[in-house]
Every structure is written in C-alpha cells, then in structure tokens.
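Next comes protein_7.cif, with mmCIF, C-alpha atoms.
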data_coords
loop_
_atom_site.label_atom_id
_atom_site.label_comp_id
_atom_site.auth_asym_id
_atom_site.auth_seq_id
_atom_site.Cartn_x
_atom_site.Cartn_y
_atom_site.Cartn_z
CA MET A 4 -20.71 -29.50 49.68
CA SER A 5 -17.11 -30.02 48.65
CA LEU A 6 -18.38 -31.16 45.24
CA LEU A 7 -20.34 -27.94 44.88
CA LEU A 8 -17.30 -25.91 45.89
CA SER A 9 -15.05 -27.64 43.39
CA LEU A 10 -17.69 -27.15 40.68
CA LEU A 11 -17.75 -23.44 41.48
CA LEU A 12 -13.95 -23.29 41.36
CA LEU A 13 -13.96 -25.16 38.07
CA GLN A 14 -16.40 -22.65 36.62
CA ALA A 15 -14.28 -19.76 37.81
CA ALA A 16 -11.10 -21.24 36.37
CA PRO A 17 -11.21 -19.83 32.79
CA HIS A 18 -11.56 -16.26 34.02
CA ALA A 19 -8.23 -15.93 35.76
CA MET A 20 -5.57 -18.55 36.31
CA PRO A 21 -3.20 -18.60 39.31
CA GLY A 22 -0.72 -15.76 39.04
CA GLU A 23 -3.13 -13.61 37.04
CA ASP A 24 -5.12 -10.56 38.09
CA ALA A 25 -8.87 -11.02 38.61
CA VAL A 26 -11.13 -10.23 35.65
CA ASP A 27 -14.85 -9.59 35.46
CA PRO A 28 -16.73 -12.86 34.93
CA TYR A 29 -17.55 -13.87 31.37
CA VAL A 30 -18.63 -17.02 29.58
CA PRO A 31 -15.80 -18.50 27.50
CA ASN A 32 -16.66 -19.19 23.89
CA ALA A 33 -14.50 -20.38 20.98
CA ALA A 34 -16.01 -17.56 18.87
CA HIS A 35 -14.13 -15.09 21.12
CA ALA A 36 -10.93 -16.03 19.25
CA GLY A 37 -12.16 -13.82 16.41
CA GLY A 38 -11.89 -16.31 13.59
CA ALA A 39 -12.19 -19.92 12.54
CA PRO A 40 -9.09 -22.13 12.84
CA PHE A 41 -7.12 -23.06 9.73
CA THR A 42 -7.97 -26.53 8.46
CA GLY A 43 -5.32 -29.25 8.37
CA ASP A 44 -2.01 -29.16 10.19
CA ALA A 45 0.07 -27.22 7.63
CA MET A 46 -0.07 -23.95 9.58
CA ALA A 47 0.63 -25.63 12.93
CA ARG A 48 3.69 -27.28 11.38
CA ALA A 49 4.79 -24.00 9.74
CA PHE A 50 4.79 -22.47 13.24
CA HIS A 51 6.78 -25.40 14.69
CA GLY A 52 3.88 -26.69 16.78
CA GLN A 53 2.87 -25.46 20.21
CA ASP A 54 6.52 -24.91 21.22
CA GLY A 55 7.08 -22.60 18.26
CA ILE A 56 3.82 -20.75 18.83
CA ARG A 57 4.79 -20.26 22.49
CA ARG A 58 8.16 -18.77 21.43
CA VAL A 59 6.42 -16.46 18.93
CA VAL A 60 3.94 -15.25 21.55
CA ASP A 61 6.64 -14.79 24.21
CA GLY A 62 8.78 -12.92 21.67
CA MET A 63 5.93 -10.65 20.61
CA VAL A 64 4.79 -9.88 24.16
CA ALA A 65 8.34 -9.13 25.32
CA ARG A 66 8.84 -6.80 22.34
CA ALA A 67 5.48 -5.10 22.90
CA TYR A 68 6.13 -4.33 26.59
CA ALA A 69 9.62 -3.01 25.77
CA ASP A 70 8.54 -1.01 22.71
CA PRO A 71 9.08 2.77 22.89
CA VAL A 72 6.01 3.40 20.72
CA ILE A 73 3.31 1.05 22.00
CA GLY A 74 4.85 -0.13 25.29
CA GLU A 75 2.75 2.38 27.24
CA ILE A 76 -0.44 0.63 26.10
CA PHE A 77 0.77 -2.60 27.73
CA VAL A 78 2.22 -1.17 30.93
CA GLY A 79 -0.09 -2.01 33.82
CA HIS A 80 -1.62 -4.83 31.79
CA ASP A 81 -1.54 -8.37 33.23
CA LYS A 82 1.39 -9.81 31.27
CA VAL A 83 0.89 -13.37 32.55
CA ARG A 84 -2.73 -13.49 31.45
CA LEU A 85 -2.04 -11.75 28.13
CA THR A 86 0.72 -14.23 27.30
CA ARG A 87 -1.50 -17.20 28.18
CA THR A 88 -4.61 -16.05 26.30
CA LEU A 89 -2.60 -14.92 23.26
CA PHE A 90 -0.93 -18.33 23.16
CA GLU A 91 -4.32 -20.03 23.37
CA GLN A 92 -5.72 -17.79 20.65
CA PHE A 93 -2.79 -18.26 18.23
CA CYS A 94 -2.67 -21.99 18.96
CA TYR A 95 -6.44 -22.30 18.39
CA LEU A 96 -6.40 -20.29 15.13
CA LEU A 97 -3.37 -22.20 13.82
CA ASN A 98 -5.22 -25.45 14.58
CA ALA A 99 -2.39 -26.64 16.82
CA GLY A 100 -4.63 -28.30 19.41
CA CYS A 101 -5.78 -25.62 21.87
CA SER A 102 -9.05 -24.05 22.91
CA TYR A 103 -9.35 -20.33 23.60
CA SER A 104 -10.64 -19.30 27.02
CA GLY A 105 -10.14 -15.55 26.79
CA ARG A 106 -12.51 -12.69 26.17
CA ASP A 107 -13.68 -11.51 22.75
CA MET A 108 -11.51 -8.97 20.93
CA ALA A 109 -13.85 -6.02 21.40
CA SER A 110 -14.05 -6.52 25.20
CA ALA A 111 -10.32 -7.21 25.52
CA HIS A 112 -9.38 -3.99 23.71
CA LYS A 113 -12.15 -1.77 25.05
CA ASP A 114 -10.90 1.61 26.32
CA LEU A 115 -7.27 0.92 25.34
CA GLY A 116 -7.44 3.70 22.74
CA VAL A 117 -5.53 1.65 20.18
CA GLN A 118 -4.90 3.61 16.98
CA ARG A 119 -4.33 2.18 13.51
CA LYS A 120 -0.66 2.97 13.82
CA ASP A 121 -0.39 1.09 17.16
CA MET A 122 -1.90 -1.98 15.57
CA ASN A 123 0.49 -1.74 12.62
CA ARG A 124 3.37 -1.53 15.10
CA LEU A 125 2.15 -4.64 16.91
CA VAL A 126 1.91 -6.43 13.56
CA GLU A 127 5.54 -5.46 12.93
CA LEU A 128 6.56 -6.85 16.33
CA LEU A 129 4.67 -10.05 15.56
CA GLN A 130 6.51 -10.20 12.22
CA GLU A 131 9.83 -9.79 14.09
CA ALA A 132 8.91 -12.58 16.49
CA MET A 133 7.88 -14.84 13.60
CA ARG A 134 11.13 -14.06 11.78
CA ALA A 135 13.10 -14.90 14.92
CA GLU A 136 11.31 -18.28 14.90
CA LYS A 137 12.22 -18.58 11.17
CA ILE A 138 8.63 -19.05 10.08
CA ASP A 139 8.11 -19.11 6.33
CA PHE A 140 7.09 -15.63 5.05
CA GLN A 141 4.05 -16.91 3.14
CA ALA A 142 2.84 -18.71 6.29
CA GLN A 143 3.41 -15.48 8.26
CA ASN A 144 1.14 -13.61 5.86
CA ARG A 145 -1.48 -16.37 5.89
CA PHE A 146 -1.61 -16.02 9.66
CA LEU A 147 -1.78 -12.21 9.45
CA SER A 148 -4.69 -12.54 7.01
CA LYS A 149 -6.51 -14.49 9.76
CA LEU A 150 -5.87 -11.70 12.27
CA ALA A 151 -6.53 -8.78 9.88
CA PRO A 152 -10.37 -8.78 10.10
CA MET A 153 -10.06 -8.29 13.88
CA HIS A 154 -8.78 -4.74 13.39
CA HIS A 155 -12.35 -3.44 13.58
CA ASP A 156 -12.54 -4.64 17.20
CA VAL A 157 -8.99 -3.62 18.13
CA VAL A 158 -8.68 -0.10 16.75
CA LYS A 159 -10.84 2.55 18.40
CA GLN A 160 -13.37 3.85 15.90
CA MET J 5 -2.19 29.85 -14.77
CA SER J 6 -4.42 27.95 -17.16
CA LEU J 7 -8.07 27.24 -16.56
CA ASN J 8 -7.47 23.49 -16.28
CA MET J 9 -4.80 23.95 -13.65
CA THR J 10 -6.96 26.37 -11.69
CA ARG J 11 -9.76 23.82 -11.73
CA LEU J 12 -7.45 21.07 -10.53
CA LEU J 13 -6.02 23.16 -7.70
CA LEU J 14 -9.53 24.12 -6.69
CA ALA J 15 -10.58 20.46 -6.67
CA ALA J 16 -7.52 19.52 -4.64
CA THR J 17 -8.21 22.24 -2.09
CA MET J 18 -11.82 21.15 -1.78
CA ALA J 19 -10.72 17.52 -1.36
CA LEU J 20 -8.29 18.55 1.39
CA PHE J 21 -11.02 20.37 3.31
CA ALA J 22 -13.42 17.48 2.72
CA THR J 23 -10.83 15.08 4.11
CA LEU J 24 -10.26 17.11 7.22
CA SER J 25 -13.93 17.85 7.84
CA LEU J 26 -15.16 14.28 7.15
CA SER J 27 -13.46 13.12 10.33
CA PRO J 28 -13.68 15.90 12.92
CA THR J 29 -12.38 13.57 15.66
CA ALA J 30 -9.44 12.58 13.50
CA SER J 31 -8.39 16.16 12.89
CA ALA J 32 -8.53 16.88 16.63
CA ARG J 33 -6.08 14.07 17.34
CA PRO J 34 -2.39 14.89 17.37
CA LEU J 35 -0.35 13.79 14.37
CA ARG J 36 1.93 10.81 14.85
CA HIS J 37 4.80 9.46 12.85
CA GLY J 38 5.10 6.32 10.72
CA GLY J 39 3.07 3.16 10.68
CA LYS J 40 2.46 1.63 7.25
CA LEU J 41 3.68 -1.90 6.72
CA LEU J 42 6.78 -2.28 4.58
CA LEU J 43 6.19 -1.87 0.81
CA THR J 44 2.46 -1.15 1.26
CA ASN J 45 2.95 2.50 0.22
CA GLY J 46 3.94 1.31 -3.26
CA ILE J 47 6.40 3.29 -5.35
CA ALA J 48 6.05 6.46 -7.38
CA SER J 49 4.60 5.86 -10.84
CA LEU J 50 6.04 7.70 -13.85
CA GLU J 51 3.45 10.47 -13.42
CA GLY J 52 4.17 10.93 -9.72
CA ALA J 53 1.16 9.22 -8.11
CA SER J 54 1.91 6.38 -5.70
CA GLY J 55 1.41 2.94 -7.10
CA GLY J 56 3.35 0.66 -9.36
CA GLY J 57 5.87 1.98 -11.86
CA LEU J 58 3.48 2.47 -14.77
CA THR J 59 0.15 3.00 -13.05
CA PRO J 60 -1.31 4.48 -9.86
CA TRP J 61 -2.65 2.31 -7.05
CA ALA J 62 -5.35 3.25 -4.56
CA VAL J 63 -2.68 3.93 -1.93
CA ILE J 64 -1.57 7.25 -0.48
CA ALA J 65 2.03 8.49 -0.60
CA GLY J 66 4.30 8.19 2.42
CA ASN J 67 4.53 5.87 5.40
CA GLU J 68 1.86 7.56 7.50
CA THR J 69 -1.46 6.12 8.57
CA ASP J 70 -4.63 8.04 9.43
CA GLU J 71 -2.71 9.79 12.20
CA GLY J 72 -0.13 11.63 10.13
CA ILE J 73 1.12 13.43 7.06
CA GLY J 74 3.43 11.36 4.87
CA LEU J 75 6.03 12.47 2.36
CA SER J 76 7.78 10.81 -0.51
CA GLY J 77 10.30 11.79 -3.14
CA HIS J 78 11.48 9.79 -6.12
CA GLY J 79 13.77 9.67 -9.09
CA THR J 80 13.20 7.34 -12.04
CA MET J 81 15.29 6.56 -15.13
CA VAL J 82 14.20 4.58 -18.16
CA GLU J 83 16.72 3.52 -20.77
CA VAL J 84 15.05 1.98 -23.82
CA LYS J 85 16.57 1.15 -27.19
CA ASP J 86 16.61 4.66 -28.70
CA TYR J 87 15.58 7.01 -25.91
CA ASP J 88 16.47 8.10 -22.38
CA TYR J 89 13.88 9.22 -19.91
CA TRP J 90 14.03 10.51 -16.39
CA SER J 91 11.50 11.88 -13.98
CA ALA J 92 11.60 13.18 -10.47
CA GLY J 93 8.91 14.22 -8.10
CA VAL J 94 7.48 14.63 -4.64
CA ALA J 95 4.21 13.63 -3.05
CA VAL J 96 2.44 14.42 0.20
CA GLY J 97 -0.10 12.11 1.81
CA PHE J 98 -2.61 13.57 4.28
CA ARG J 99 -3.87 11.10 6.89
CA ASP J 100 -3.61 8.22 4.41
CA ARG J 101 -6.56 9.83 2.66
CA LEU J 102 -5.47 12.55 0.22
CA GLU J 103 -2.35 12.60 -1.94
CA LEU J 104 -0.96 15.63 -3.76
CA SER J 105 1.93 15.01 -6.12
CA TYR J 106 4.23 16.81 -8.51
CA ALA J 107 6.50 15.25 -11.11
CA HIS J 108 8.76 16.57 -13.83
CA GLN J 109 9.44 14.33 -16.81
CA ASN J 110 12.22 14.57 -19.36
CA PHE J 111 12.26 12.45 -22.51
CA ASN J 112 15.45 12.65 -24.59
CA THR J 113 15.25 11.62 -28.26
CA ASN J 114 19.04 11.12 -28.62
CA ASP J 115 19.91 10.33 -32.28
CA ILE J 116 16.25 9.98 -33.25
CA GLY J 117 15.97 13.74 -32.68
CA THR J 118 18.18 14.23 -35.74
CA VAL J 119 16.05 11.85 -37.83
CA LEU J 120 12.89 13.69 -36.77
CA GLY J 121 14.46 17.01 -37.73
CA LEU J 122 14.41 18.25 -34.13
CA GLY J 123 18.15 18.03 -33.57
CA LYS J 124 20.25 15.49 -31.69
CA ASP J 125 19.32 15.08 -28.03
CA TYR J 126 16.11 17.05 -28.45
CA ALA J 127 14.13 16.56 -25.24
CA PHE J 128 10.43 16.73 -24.50
CA SER J 129 9.52 17.67 -20.96
CA GLN J 130 6.37 17.83 -18.93
CA ASP J 131 5.15 18.92 -15.50
CA ILE J 132 2.41 16.97 -13.77
CA ILE J 133 0.38 17.96 -10.73
CA GLY J 134 -1.74 15.17 -9.34
CA ALA J 135 -4.39 14.75 -6.68
CA LYS J 136 -5.78 11.43 -5.45
CA VAL J 137 -8.34 10.66 -2.75
CA ARG J 138 -8.82 7.23 -1.20
CA VAL J 139 -12.61 7.22 -1.01
CA ALA J 140 -13.16 3.82 0.65
CA GLY J 141 -11.62 0.58 1.80
CA ASP J 142 -8.11 -0.34 2.79
CA LEU J 143 -5.23 -2.05 1.00
CA VAL J 144 -4.41 -4.44 3.84
CA TYR J 145 -7.01 -4.71 6.58
CA ASP J 146 -10.52 -4.17 5.27
CA ARG J 147 -12.52 -6.69 3.32
CA LEU J 148 -13.29 -3.81 0.95
CA PRO J 149 -10.29 -3.08 -1.33
CA ALA J 150 -8.79 0.38 -1.31
CA ILE J 151 -10.68 2.54 -3.82
CA ALA J 152 -9.34 5.88 -5.00
CA ILE J 153 -10.12 8.52 -7.57
CA GLY J 154 -7.60 10.96 -8.95
CA ALA J 155 -6.75 13.58 -11.52
CA GLN J 156 -3.48 14.63 -13.14
CA TYR J 157 -2.96 18.03 -14.71
CA LYS J 158 -0.19 17.83 -17.31
CA LYS J 159 1.59 20.70 -19.01
CA ASN J 160 3.91 19.91 -21.87
CA GLY J 161 6.99 22.13 -22.25
CA GLN J 162 7.24 21.94 -26.06
CA GLY J 163 3.87 23.26 -27.22
CA ALA J 164 4.92 24.36 -30.72
CA VAL J 165 6.62 21.04 -31.51
CA VAL J 166 3.85 18.78 -30.21
CA ARG J 167 1.32 20.78 -32.23
CA ALA J 168 3.52 20.44 -35.30
CA ILE J 169 3.43 16.63 -35.02
CA GLY J 170 -0.36 16.64 -34.78
CA ALA J 171 -1.25 17.09 -31.12
CA GLN J 172 -4.24 19.37 -30.54
CA ASP J 173 -3.09 20.75 -27.20
CA ASP J 174 -0.04 21.12 -24.98
CA GLU J 175 -1.94 20.58 -21.73
CA GLY J 176 -4.56 18.19 -20.47
CA VAL J 177 -6.11 16.50 -17.48
CA ASP J 178 -6.32 12.74 -16.91
CA TYR J 179 -9.02 11.36 -14.62
CA TYR J 180 -8.70 7.92 -13.08
CA ALA J 181 -10.15 5.48 -10.58
CA SER J 182 -8.09 2.73 -8.95
CA VAL J 183 -8.97 -0.36 -6.94
CA SER J 184 -6.15 -2.11 -5.06
CA LYS J 185 -5.99 -5.01 -2.64
CA LEU J 186 -3.22 -6.92 -0.88
CA PHE J 187 -4.39 -10.49 -0.40
CA LEU J 188 -2.34 -11.34 2.69
CA SER J 189 -3.33 -14.99 2.67
CA ARG J 190 -1.53 -15.33 -0.68
CA SER J 191 0.95 -12.42 -0.32
CA ILE J 192 -0.43 -11.10 -3.61
CA LEU J 193 -1.34 -7.54 -4.50
CA LEU J 194 -3.70 -6.81 -7.36
CA SER J 195 -4.53 -3.35 -8.64
CA GLY J 196 -6.58 -2.04 -11.51
CA THR J 197 -7.04 1.48 -12.85
CA ALA J 198 -9.41 2.97 -15.40
CA ARG J 199 -8.20 6.23 -16.90
CA LEU J 200 -9.86 8.86 -19.07
CA THR J 201 -7.15 10.57 -21.08
CA LYS J 202 -6.24 12.33 -24.31
CA ALA J 203 -2.51 12.21 -23.58
CA ASN J 204 -0.04 11.00 -26.22
CA GLN J 205 2.79 9.05 -24.51
CA MET J 206 1.55 10.31 -21.10
CA GLY J 207 1.43 13.84 -22.59
CA LEU J 208 5.11 14.05 -23.57
CA LEU J 209 3.85 14.22 -27.17
CA GLY J 210 0.93 16.49 -26.31
CA PHE J 211 -2.79 15.84 -26.05
CA GLY J 212 -5.27 14.69 -28.68
CA GLY J 213 -4.29 14.26 -32.29
CA ASP J 214 -5.23 14.25 -35.95
CA LYS J 215 -6.64 10.69 -35.63
CA GLN J 216 -8.66 11.36 -32.49
CA ASP J 217 -9.16 14.31 -30.16
CA SER J 218 -11.62 12.99 -27.58
CA TYR J 219 -11.23 11.39 -24.17
CA GLY J 220 -10.78 7.64 -24.35
CA LEU J 221 -11.02 5.06 -21.58
CA GLN J 222 -7.79 3.15 -20.86
CA PHE J 223 -7.11 0.25 -18.51
CA GLU J 224 -4.06 -0.32 -16.37
CA GLY J 225 -3.16 -3.08 -13.96
CA SER J 226 -0.49 -4.41 -11.63
CA ALA J 227 0.03 -7.80 -10.05
CA ALA J 228 2.72 -8.28 -7.42
CA TRP J 229 3.83 -11.17 -5.27
CA GLN J 230 5.63 -10.39 -2.03
CA LEU J 231 8.41 -12.98 -1.77
CA SER J 232 9.73 -11.82 1.57
CA ARG J 233 9.18 -8.89 3.84
CA ARG J 234 11.52 -6.76 1.76
CA VAL J 235 11.09 -8.06 -1.78
CA ALA J 236 8.16 -8.04 -4.20
CA ILE J 237 8.10 -9.03 -7.86
CA GLY J 238 5.39 -8.52 -10.42
CA GLY J 239 4.18 -7.27 -13.74
CA GLU J 240 2.20 -4.34 -15.09
CA PHE J 241 0.11 -3.43 -18.06
CA ARG J 242 -1.11 -0.08 -19.34
CA SER J 243 -3.26 0.47 -22.41
CA LYS J 244 -2.68 3.68 -24.33
CA PRO J 245 -4.57 5.89 -26.73
CA ASP J 246 -3.35 6.17 -30.33
CA ASN J 247 -4.18 9.69 -31.44
CA LEU J 248 -1.26 10.73 -33.65
CA GLY J 249 -1.20 9.80 -37.34
CA ILE J 250 2.58 9.98 -37.72
CA ALA J 251 3.55 8.24 -34.48
CA ARG J 252 1.80 5.00 -33.55
CA GLU J 253 1.42 4.41 -29.82
CA ASP J 254 1.44 0.96 -28.20
CA ASP J 255 0.32 -0.50 -24.88
CA TRP J 256 2.98 -0.78 -22.17
CA PHE J 257 4.17 -3.77 -20.17
CA ASP J 258 6.77 -4.32 -17.51
CA LEU J 259 8.16 -6.95 -15.15
CA PHE J 260 9.55 -5.54 -11.92
CA ALA J 261 11.29 -6.31 -8.66
CA ALA J 262 10.94 -3.87 -5.77
CA VAL J 263 13.17 -4.03 -2.72
CA ALA J 264 12.66 -2.23 0.58
CA VAL J 265 16.35 -1.48 1.09
CA HIS J 266 15.41 0.32 4.28
CA ARG J 267 12.15 1.31 5.96
CA ASN J 268 12.41 4.66 4.16
CA LEU J 269 13.96 3.58 0.86
CA THR J 270 12.52 1.43 -1.93
CA ALA J 271 14.54 0.51 -5.01
CA THR J 272 12.78 -0.81 -8.10
CA VAL J 273 14.20 -2.33 -11.25
CA ALA J 274 11.97 -3.26 -14.16
CA TYR J 275 12.20 -4.56 -17.69
CA ALA J 276 9.79 -2.45 -19.70
CA ASP J 277 8.33 -2.91 -23.17
CA LEU J 278 7.04 0.49 -24.28
CA GLY J 279 6.38 -0.49 -27.91
CA SER J 280 6.54 2.20 -30.56
CA ILE J 281 7.45 5.72 -29.42
CA ALA J 282 7.77 8.81 -31.63
CA THR J 283 7.85 6.77 -34.87
CA VAL J 284 10.41 4.19 -33.71
CA LYS J 285 9.13 0.77 -32.64
CA GLY J 286 10.55 -1.85 -30.28
CA GLN J 287 11.37 0.44 -27.36
CA ARG J 288 12.36 -2.03 -24.64
CA GLY J 289 14.76 -1.52 -21.80
CA LEU J 290 15.35 -0.97 -18.13
CA LEU J 291 13.51 1.15 -15.63
CA LEU J 292 15.27 2.08 -12.40
CA SER J 293 13.55 3.95 -9.62
CA LEU J 294 14.47 5.05 -6.12
CA GLN J 295 11.89 6.28 -3.66
CA ALA J 296 12.40 7.75 -0.23
CA ALA J 297 9.27 7.81 1.91
CA PHE J 298 8.49 9.05 5.40
#
Can the structure from this file be put into structure tokens for me?
Amino acid sequence: MSLLLSLLLLQAAPHAMPGEDAVDPYVPNAAHAGGAPFTGDAMARAFHGQDGIRRVVDGMVARAYADPVIGEIFVGHDKVRLTRTLFEQFCYLLNAGCSYSGRDMASAHKDLGVQRKDMNRLVELLQEAMRAEKIDFQAQNRFLSKLAPMHHDVVKQ
Amino acid sequence: MSLNMTRLLLAATMALFATLSLSPTASARPLRHGGKLLLTNGIASLEGASGGGLTPWAVIAGNETDEGIGLSGHGTMVEVKDYDYWSAGVAVGFRDRLELSYAHQNFNTNDIGTVLGLGKDYAFSQDIIGAKVRVAGDLVYDRLPAIAIGAQYKKNGQGAVVRAIGAQDDEGVDYYASVSKLFLSRSILLSGTARLTKANQMGLLGFGGDKQDSYGLQFEGSAAWQLSRRVAIGGEFRSKPDNLGIAREDDWFDLFAAVAVHRNLTATVAYADLGSIATVKGQRGLLLSLQAAF
C-alpha cells in the first residue's frame, strides 16, 4: 500500500514541485523542450555550466516580472515553477546535463495573448541577462537560433 | 504629376489597403510602440529603401513590429575622388509589412563640372519615391527568409542636361525583389536583390541611353556579420546597367561597419568603390550615413 502511494507521488512529482502551484496533469516528454539539444559541451561551457545557466534564467525572470512592458503578462504566474522549468529547458537545450519536465511551448503559452513585440522584448531581456553573465555574443545568438523556431507556439496567431 | 508617378502612388495605396485588409484581426488591435531587435531594421540605402547602404533588404523601415507604425529618417554623404554626394530621406513602415519612402539625392561634380562644360560645382539631383511590401517570411524568426517586392519612382531634376549626354528620359521606375535572412546561429545576415532598371547611376544621369534603352536585370547583394549586439560589419555588391556611350558605368562595391549608437540611432561608415562615374574612373571613397529610427 505504501509502495503504491509512493509510486503515485512519484508520478505526480513532475507536474508541480513543492512550493509551486498545482497544474493540470500532463505526461512529461523531452520533446516538450521545443528543440533538440546542442551536441558537444561547447555551448554548456559558453554558458558557464549549470551555475551560469541558473544565473541567466534568474536574471531573465527577474527582469521579466519587473518589466514595464511585459511584466503584466507574468504577474499572477507561478514564478517558482517558471524559474525551475525554464532552467531545465535552457539546461537541456544547452546540453548541460538536465532533462526537461515542463509542458510543451504551445500549452505553456496558451491564452497568454503574447504578441510578436512581447516576445522580442523577452528576447532583449534574455540578451541582457546573458550579457550580465558575460556570455560570448556568438554563443548568445546560437542559443537564440535554437529558441527562434518556438515563436510559432509562443506568439498568438 | 507624371503617369509613372500616378501609377506608383496608386500601387502604393492599393498595397496599403491590401496590407490592412489581409489581417482584419491585426488592424483591430491597438498600435504599440517599438519591438524590433537592434540593427534588424537595417539602414537607409542610397535610394531611401531600408536595407544596406547600396541595396534594399526585405526589411521594413522603423523599429515597429506587426503592432505598429515605424518611422525612420536618414542623411548620407559620399565623398569619392572627384565628386561629392549627399542624400536625405524619410520612410514609414506600416505593421512591419509595407514601407513608403522618399529620398532626395544631390550629386556634385566639383571640378569635373568644368571639364564637362557644365560649370564648376554643377550638381545633378533626383527625387525618389519608393514602396516596398514584405510579402512573406521573416528576417529573424521564420524558417522562410523575408521576401519583399518594391518599386522606386525616380525623377531627375536636370532633364535637359541628362538628355544632352544621351539619356532617353528624365524619369523612370525601378522594380525589385529582395530576399533577406539573418542566420542567428552564425550571426550572419545575407540579402540578395534582383532589380529591373533603366537608370544611369541610379537615375542621377537619367534613364536609358544611346547604347541601350530597355529594362535590364541587375543583381545586388549584402553580407553582414554581427560582431556584437551593437556592431555589424560587411560588404555589398551592386551590378549596374551601362547605357550611356560617353560615360561608362561600373558595378559598385563597399565594405561597411554599422554601429547602433543608441536604440534609435545607427551610424554607418563604408569604403565604397563606385568605379567610373560621368566619364571619370576610379571613384573610391568614404560613405557616411546616420539613421534615426522609431
């Protein structure tokens, strides 16, 4: 009985971690990250490993919530969960040794009403966060090129 | 107003309505300000269309995205061996879809004016009204490159003189198509343009000539590498017609560096090789351009 319970808990784990709001159940899948990871460790090193990626994600999320233009999209959004899943996604895509447990990009951005301009603003905030971490500009753009195809699922059509 | 210009204005008006009616939901949305990534609006080309210095790109003037109306203004100076040139212009970009532009060009012959019998500091001038529509794709985000078509109505200010040197007309329309793509993974922008034109030296020496008076297809291209967020360097090429018997015309080349001094201000410096102009060969020198965009 206790084994069954712990199995159930284990299955529920990827959906919402302690300190996060509940989310509708979904089946985690690496494909939800929206792209294949870079090969080799060059990009992970360019981003200063998991510590650097964490600082970039924290920097971007803090800027996004405080932003006068797009902050209102994030207000009322679970910041703890967003920070965790974004870190997992970036870390996974940069091939820095993580798996992504979050939802796919279309589900995660559904009904947010994100416009092209909002996405461009978030890209700018990501660029600021990457600059603050002193990440090489060419590596910044390589990473952006990995994220760029996701705009179809992020921006409302 | 000439027939050509009336046609162009009519086409521009139709394109504007087409743009607004193609996306009924878009036109119902309120306009918002700003949003293009730094340097991705290009600079103003010599003829006023947004792009590189010598050739248009498939980008739309101003910093606005599909939510707004962008504006840009520019001033450009070219100092080559024997001549001075300046141009200035404005452009409006509607919802990152349609661009309307105006530019005035002034080409001063300095001492060569005396040699040509026109008088020292004789200047050719020209007004250009342009329209460009991005028909598909996107410079940055789509897999499909940005694709645009455009037209430029040009009216030379020295009709009698350009006819005297062999030009067949003092006005003309260029038609062009551009394909442009920023390859983010390499920080490289490539753009190519095909242009149908009869213009001699962009039209500053009139249109058509004694050697040839029909539309010819010309090719133009830019390659740029973005070194940092604010700085891009690159080179450009533009093939030219050669219609005038007395004044050979060469293809153009340049090497440039563009700097986003500020979100709204781009400064460009280029070394340009413009070949033979108005009978005098080896016209190389500096191009300086400032563009303010909103």
| Just so the selection is clear, what residues does the PyMOL selection byres ((chain J) within 10 of (chain A)) cover here, as a ChimeraX atom specification? | /J:29-30,36-42,68-72,144-147,186-192,230-233
| message | I need the output of the PyMOL selection byres ((chain J and resi 278) around 12) for this file as a PyMOL selection string; which residues are they? | response | chain J and resi 58+82-87+89+205-206+240-244+252-259+274-277+279-282+284-291
| field | Given the PyMOL selection byres ((chain A and resi 76-81) around 9), the residues it picks as JSON, numbers by chain | value | {"A": [23, 24, 67, 68, 72, 73, 74, 75, 82, 83, 84, 85, 86, 115, 116, 117, 121]}
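Using all atoms listed in the file, the contacts of Cys94 in chain A at a cut-off of 8 Å, with sequence neighbours closer than 6 positions omitted, comprise Ala47, Gln53, Ile56, Gly100, Cys101 and Ser102 of chain A.
Here CA of Glu91 in chain A is placed at a distance of 5.0 Å from CA of Tyr103 in chain A.
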| field | Contacts of Asn268 in chain J at 10 Å (only C-alpha atoms; same-chain gap of 3+ positions) as number ranges by chain | value | J: 38, 42-43, 66-67, 76, 264-265, 295-298
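Put simply, CA of Leu143 in chain J is 17.6 Å away from CA of Val157 in chain A.
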| remark: Judged by all atoms listed in the file, the minimum distance to Ala109 in chain A among A:Ala132, A:Ile138, A:Ala69, A:Ala36 is found for A:Ala36
| said: Using all atoms listed in the file, which protein or nucleic acid residues come within 7 Å of Phe128 in chain J? Drop anything in the same chain fewer than 5 positions from it, and give the result as a ChimeraX atom specification. | reply: /J:110-112,161-162,208
Take the residues that were just selected and, keeping C-alpha atoms, output them as a short mmCIF file (atom, residue, chain, number, x, y, z; two decimals), in the frame of the given file.
data_model
loop_
_atom_site.label_atom_id
_atom_site.label_comp_id
_atom_site.auth_asym_id
_atom_site.auth_seq_id
_atom_site.Cartn_x
_atom_site.Cartn_y
_atom_site.Cartn_z
CA ASN J 110 12.22 14.57 -19.36
CA PHE J 111 12.26 12.45 -22.51
CA ASN J 112 15.45 12.65 -24.59
CA GLY J 161 6.99 22.13 -22.25
CA GLN J 162 7.24 21.94 -26.06
CA LEU J 208 5.11 14.05 -23.57
#
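Minimum atom-to-atom distance to Gly38 in chain A, evaluated using all atoms listed in the file, belongs to A:Leu96 out of A:Lys113, A:Gly22, A:Leu96, A:Ala135.
Across the structure, CA of Ala181 in chain J and CA of Trp61 in chain J are spaced 8.9 Å apart.
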| said: List as a list in words the residues having at least one atom at most 9 Å from position (7.6, 19.2, -10.0) as given in the file, counting all atoms listed in the file. | reply: Gly52, Ala92, Gly93, Val94, Ser105, Tyr106, Ala107, His108, Gln109, Asp131, Ile132 and Ile133 of chain J
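Candidate residues J:Thr118, J:Ser184, J:Thr44, J:Ser49 were compared for distance to Gly134 in chain J, and the nearest is J:Ser49, using all atoms listed in the file.
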